[in-house]
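Visitor: Shown below is the structure under consideration.
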Amino acid sequence: MIEKIKKLITENKWHEALNIIEKEIAKTSDLKNIEEEKKYSQLLHLRVAAKHFCGGNDDPIILDSIRLHKYPSVFEFEIGKENSIKLIYKNAFQIDCDAYVSNIPINYCFDSALDSSSANEFIKRVSREKIMSQLSDSATIEAGSFLLINHPKLSAPRSYHIALYDDKMKVCPGALGIGIPAVLKDAMKKKYKTLVFFALGFDEPHNINDPDEKESRSDSIANEIAEIVVRFIYNHYGSNIPQISFAFVKVETMITFKRAFDNWTMKKQQEIEYLATLSETVKEIAEYVNTASTNYISLIKKLSYCIKTDQSILITGETGVGKTFLARKIHELSGRPINNFMEINFSALNDDLLESEIFGCVRGAYTNAPDRWGKIKEVEGGTLFLDEIGYASIRIQRKLLKFIEEKKYQRLGENKTYEADVRFIFGTNINISSAIQDGRFQYDLYERISTNEIQIPPLRTRKEDITLLSKEMLRKLNRKNGGEVTFSKEAFEILKTYNWGGNLRQLSKYITNLHTYCIHHNMTLISKKIFNEVPLKEMDCIDNSVYASLEVALKEIISNWDDKQDILNGLLGPLMAKIYLDDLKLPKNNAKKLLGFDGTGKRSKLQQLKEFYSEIKKKFFQGKK
C-alpha cells in the first residue's frame, strides 16, 4: 500500500493519494509491532506532503511537524530526588507501562457513538464486547469514579478510565480532583511502577469553536491536572509513587501541559525535602485548610505534637482567617468523638448569658433565667471552641481557668460541683499582650492556654493559597447551587493582586458573587472581563486586632460608667485631646476636622479637654474599677 501511495504521488495524483492515506491511518494498528509502527510513521509523513500539495497547510499534523522543530519530543520535570513527571510526544499505545489513565463520560461510558476520542480508541483496540464483559455494573458511574479494564495485547495490560464528562462532554466539577488521586492511590496499592496518562479532559476544549475560550479552557484543565498530580507527589513524598508520564499526539497540547507543569514544579529542593519531613497529621491539616504556605505549615508543625492530647490550644489571627475551620480539624484529629464539637462566640453575649451558655444555670440565677445545662455538659468527651475569648470578662476568665485546672465547674446560681471531660480550644483576634497590660485579660489564663498557640497568617501573606482556596470554594458552590463554572488562568492572577483585608471570609463572599453572576448570565468561565462587572471592594489591611482590643476596652468602660456627664465629653474627649496634643503632637488648627472640636485659641475646646484628662484618669482608671 505504501508503494501504491508513492506511485500516485510521483504521478502528481495528490488527492487520490491523500484519500488512501486517510483510510489507512484510520485503521487500528498494533503499535507494539515494529513493522506496523514504521508503516504508521511513513503514512503520517506522506500525509504531511499530500496535505501540503492539496492546499492543507493548516493541517494539525503539519503544524505539529513545524512545532517539533522548535520543541523537544520529551519534557521531564523533577520533583525532588525520587520523583519526576514526563511529557512525551508519542501515542500512548506505543509506550510500554503498567497501566494507562484515560477518561470516559459518566453516562454510557463506552458507547462508541460518543464524541470521546480516547474512549473510542480503546473500543477500537480492545473491542466493545471485551470491555463490556468486564463491567459488572451499569454503564453509568459517578463523576470522579474510575473503571479498571484489562487488555493484555496492548502495550499496557490494563487501563484506568476516570468518569469525567457529562452529557454535554464537559468536565464535571471536581471530577479530576477526585479521580486522579484515587487512581494514583490504587496504583500505589497495587505497586504499579509506571503510569501513562492521556490528555485527560481535552475532549471538552476540542469541541469549543472560539479560539480564546478554547485556549483558556485548555490552560484551565491542564493547570488543574498539573496541580493535582504535583500536590499528590508532595503529600506522598517518600512513598512508592509510580513513574508518571503524559503522552500526546498533538504538540500544541503537550506545550499547554508544559506551561502548567512549569508553574507547579517550581518548588525549590529544600521545600520538597521539608514537606517530606512532615507527619501525616500535619499533611492532613495542611490539605484540609488548603495551604501550600511553608510559613503556615511550619506553624502547624509546631502545634502538631499536642493535637492528640487533652491540652488547651489558642488560635489567634485576624478576623476571617479560618480559626473555627482549623479548630474543627484539630478536634477531628484529636481522637475525641467526631460529633462532639461545639462553638461559643464571646463577642455576642453578656456575662450572665455567657456563663449560662458555658456552665449552665438554675432557675432564677438572673432575670428570666431557665434551669438548663451548659455546653460543657452537652459536649462531654468532646471539644468546646471558645471564639473571641478576648471579649470575656475577668469573672468568666477565672471560671474558665478553674475548670482547665480542675475539670470541675458549678452552674450559675448553684453550689453543687460537677466534673466534665471537655477540651478547650480558644480563638481571638485581639492582641492578648495589650489586653493583659490594660488589665482586661488574666495573665494566669493566658499563660495556661498560650503554651500551645498558633497565629494563622493573613491571606495577603500567603498568596500561593489563593488559587487552592478559590478552586475549593468554587467547587463547593458548583456542587451546592448547580453550575459548571471554572476559572480562567488570568482570573487567578487577578485574585492574587488583591490584599484581602477580610481574609478567607472576604474571598469566599467574592467567589460566591462571581459564581452567582456567571450562573445568572448563563456563563461557565470566570474570565478577566467579569472582574469589571463584579468589582471587589477592597478592605484596609490593618491588623484588626487593634480595633477588636479597642472594642473590648470600650465595652468595659461603658459598662462601668455611671457619671451623669455623657461619656463622649466626660471621658473620650479628654482622652483624645491628650493623645492628640501630647502623644502625637499634631497641629491644633487641624483638630476640628479630625476630632470634631476646635483647637485654636488659648481656651479652645481642645485645650480644656486636655486639661481635664488628668482628673479623668485619676478618677476613672485608678478609682473606678
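So you can find residues: chains in the C-alpha cells are A, B, ... in the order shown, residues in each start at 1, and ligands are numbered from 1 in order.
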So which residues touch range 284-292 of chain A within 9 Å, counting only C-alpha atoms, skipping near sequence neighbours fewer than 5 positions away, as a CSV table (one decimal) with N, CA and C atoms, in the first residue's frame?
Guide:
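Heads up, here's the output in selection.csv:
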```csv
chain,number,residue,atom,x,y,z
A,235,ASN,N,2.4,15.4,48.8
A,235,ASN,CA,1.8,14.9,50.0
A,235,ASN,C,2.2,13.4,50.3
A,279,SER,N,4.7,15.1,59.3
A,279,SER,CA,3.9,13.9,59.7
A,279,SER,C,2.6,13.8,58.9
A,297,ILE,N,2.5,26.1,57.2
A,297,ILE,CA,2.8,24.7,57.5
A,297,ILE,C,3.7,24.5,58.7
A,300,ILE,N,1.8,25.0,61.8
A,300,ILE,CA,1.0,23.7,62.1
A,300,ILE,C,1.9,22.6,62.6
A,322,GLY,N,-9.9,31.9,59.4
A,322,GLY,CA,-10.2,30.5,59.4
A,322,GLY,C,-9.9,29.8,60.8
A,325,PHE,N,-12.4,27.0,61.4
A,325,PHE,CA,-12.1,25.9,60.5
A,325,PHE,C,-11.0,25.0,61.0
A,326,LEU,N,-9.9,25.7,61.5
A,326,LEU,CA,-8.8,25.0,62.0
A,326,LEU,C,-9.1,24.2,63.3
A,329,LYS,N,-10.9,21.0,62.6
A,329,LYS,CA,-10.0,19.9,62.1
A,329,LYS,C,-9.1,19.3,63.3
A,330,ILE,N,-8.7,20.2,64.2
A,330,ILE,CA,-7.9,19.7,65.3
A,330,ILE,C,-8.7,18.8,66.1
A,333,LEU,N,-9.0,15.3,64.5
A,333,LEU,CA,-7.8,14.5,64.6
A,333,LEU,C,-7.4,14.2,66.0
A,462,ARG,N,0.1,35.0,52.2
A,462,ARG,CA,0.2,33.6,51.6
A,462,ARG,C,-0.6,33.5,50.3
A,464,GLU,N,0.1,32.2,47.6
A,464,GLU,CA,0.1,30.9,47.0
A,464,GLU,C,-1.1,30.1,47.3
A,465,ASP,N,-1.8,30.4,48.4
A,465,ASP,CA,-3.0,29.7,48.8
A,465,ASP,C,-4.3,30.1,48.1
A,466,ILE,N,-4.2,31.3,47.4
A,466,ILE,CA,-5.4,31.9,46.8
A,466,ILE,C,-6.0,31.0,45.8
A,468,LEU,N,-5.6,27.7,45.5
A,468,LEU,CA,-6.2,26.5,46.1
A,468,LEU,C,-7.5,26.7,46.7
A,469,LEU,N,-7.6,27.8,47.5
A,469,LEU,CA,-8.8,28.2,48.2
A,469,LEU,C,-9.9,28.5,47.3
A,472,GLU,N,-11.4,25.4,45.6
A,472,GLU,CA,-12.2,24.6,46.5
A,472,GLU,C,-13.6,25.3,46.8
```
Visitor: Skipping near chain neighbours, those fewer than 3 positions away, what residues fall within 10 Å of Tyr165 in chain A using only C-alpha atoms, listed as a ChimeraX atom specification?
Guide: /A:103-107,109,116,143-144,162,168-173,175,201,203-204
Visitor: Leaving out Glu611 in chain A and any residue of its chain fewer than 6 positions from it, which residues lie within 9 Å of it when counting only C-alpha atoms, given as a PyMOL selection string?
Guide: chain A and resi 574+577-578
Visitor: So which residues touch Asn522 in chain A within 12 Å, counting only C-alpha atoms, skipping near sequence neighbours fewer than 3 positions away, as a compact mmCIF listing (two decimals) with C-alpha atoms, in the first residue's frame?
Guide:
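Final output, selection03.txt:
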```
# COMPACT_ATOMS: atom_id res chain seq x y z
CA GLY A 482 -25.50 23.85 40.41
CA GLY A 483 -23.38 25.02 37.51
CA GLU A 484 -20.09 24.18 35.85
CA VAL A 485 -18.25 27.44 36.48
CA HIS A 515 -20.36 32.36 40.75
CA THR A 516 -23.80 33.98 41.10
CA TYR A 517 -23.01 36.41 38.27
CA CYS A 518 -21.92 33.58 35.96
CA ILE A 519 -25.00 31.45 36.73
CA LEU A 525 -15.92 30.75 32.73
CA ILE A 526 -14.73 33.39 35.22
```
Visitor: As a PyMOL selection string, please: every residue in range 198-430 of chain A that a backbone DSSP assignment puts in strand (DSSP E).
Guide: chain A and resi 243-248+313-316+341-345+360-361+372-373+383-387+408-410+417-419+423-428
Visitor: What's the 12 Å shell around Ile5 in chain A, counting only C-alpha atoms, without same-chain residues fewer than 4 positions away, as number ranges by chain?
Guide: A: 1, 9-24, 42-43, 45-47, 49-50
Visitor: List the spatial neighbours of Gln608 in chain A as a PyMOL selection string - criterion: any atom at most 12 Å away, only C-alpha atoms, same-chain residues fewer than 3 positions off excluded.
Guide: chain A and resi 569-570+573-578+581+597-605+611-615
Visitor: Just list the residues in range 460-622 of chain A DSSP gives alpha helix (DSSP H) on the backbone, as a PyMOL selection string.
Guide: chain A and resi 464-481+489-497+503-520+530-533+545-560+567+573-578+591-595+605-616
Visitor: Hey, which of A:Leu514, A:Gln311, A:Ile79, A:Arg125 ends up closest to Pro152 in chain A? Count only C-alpha atoms.
Guide: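 Selected residue with least distance to Pro152 in chain A: A:Arg125.
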Visitor: Quick one: distance from CA of Glu121 in chain A to CA of Ala260 in chain A in Å, one decimal?
Guide: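 That distance, rounded to one decimal, is 25.8 Å.
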Visitor: Rounded to one decimal place, report the CA of Arg440 in chain A-CA of Gln397 in chain A distance in Å.
Guide: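 Between CA of Arg440 in chain A and CA of Gln397 in chain A the gap works out to 9.9 Å.
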Visitor: For Asp111 in chain A, which residue out of A:Ser127, A:Asn590, A:Ser136, A:Asn452 is the nearest one, using only C-alpha atoms?
Guide: A:Ser127
Visitor: Given the choices A:Ile567, A:Leu354, A:Ile454, A:Ile376, which gets closest to Ala327 in chain A if the distance is worked out from only C-alpha atoms?
Guide: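 That would be A:Ile454, the residue with the smallest distance to Ala327 in chain A.
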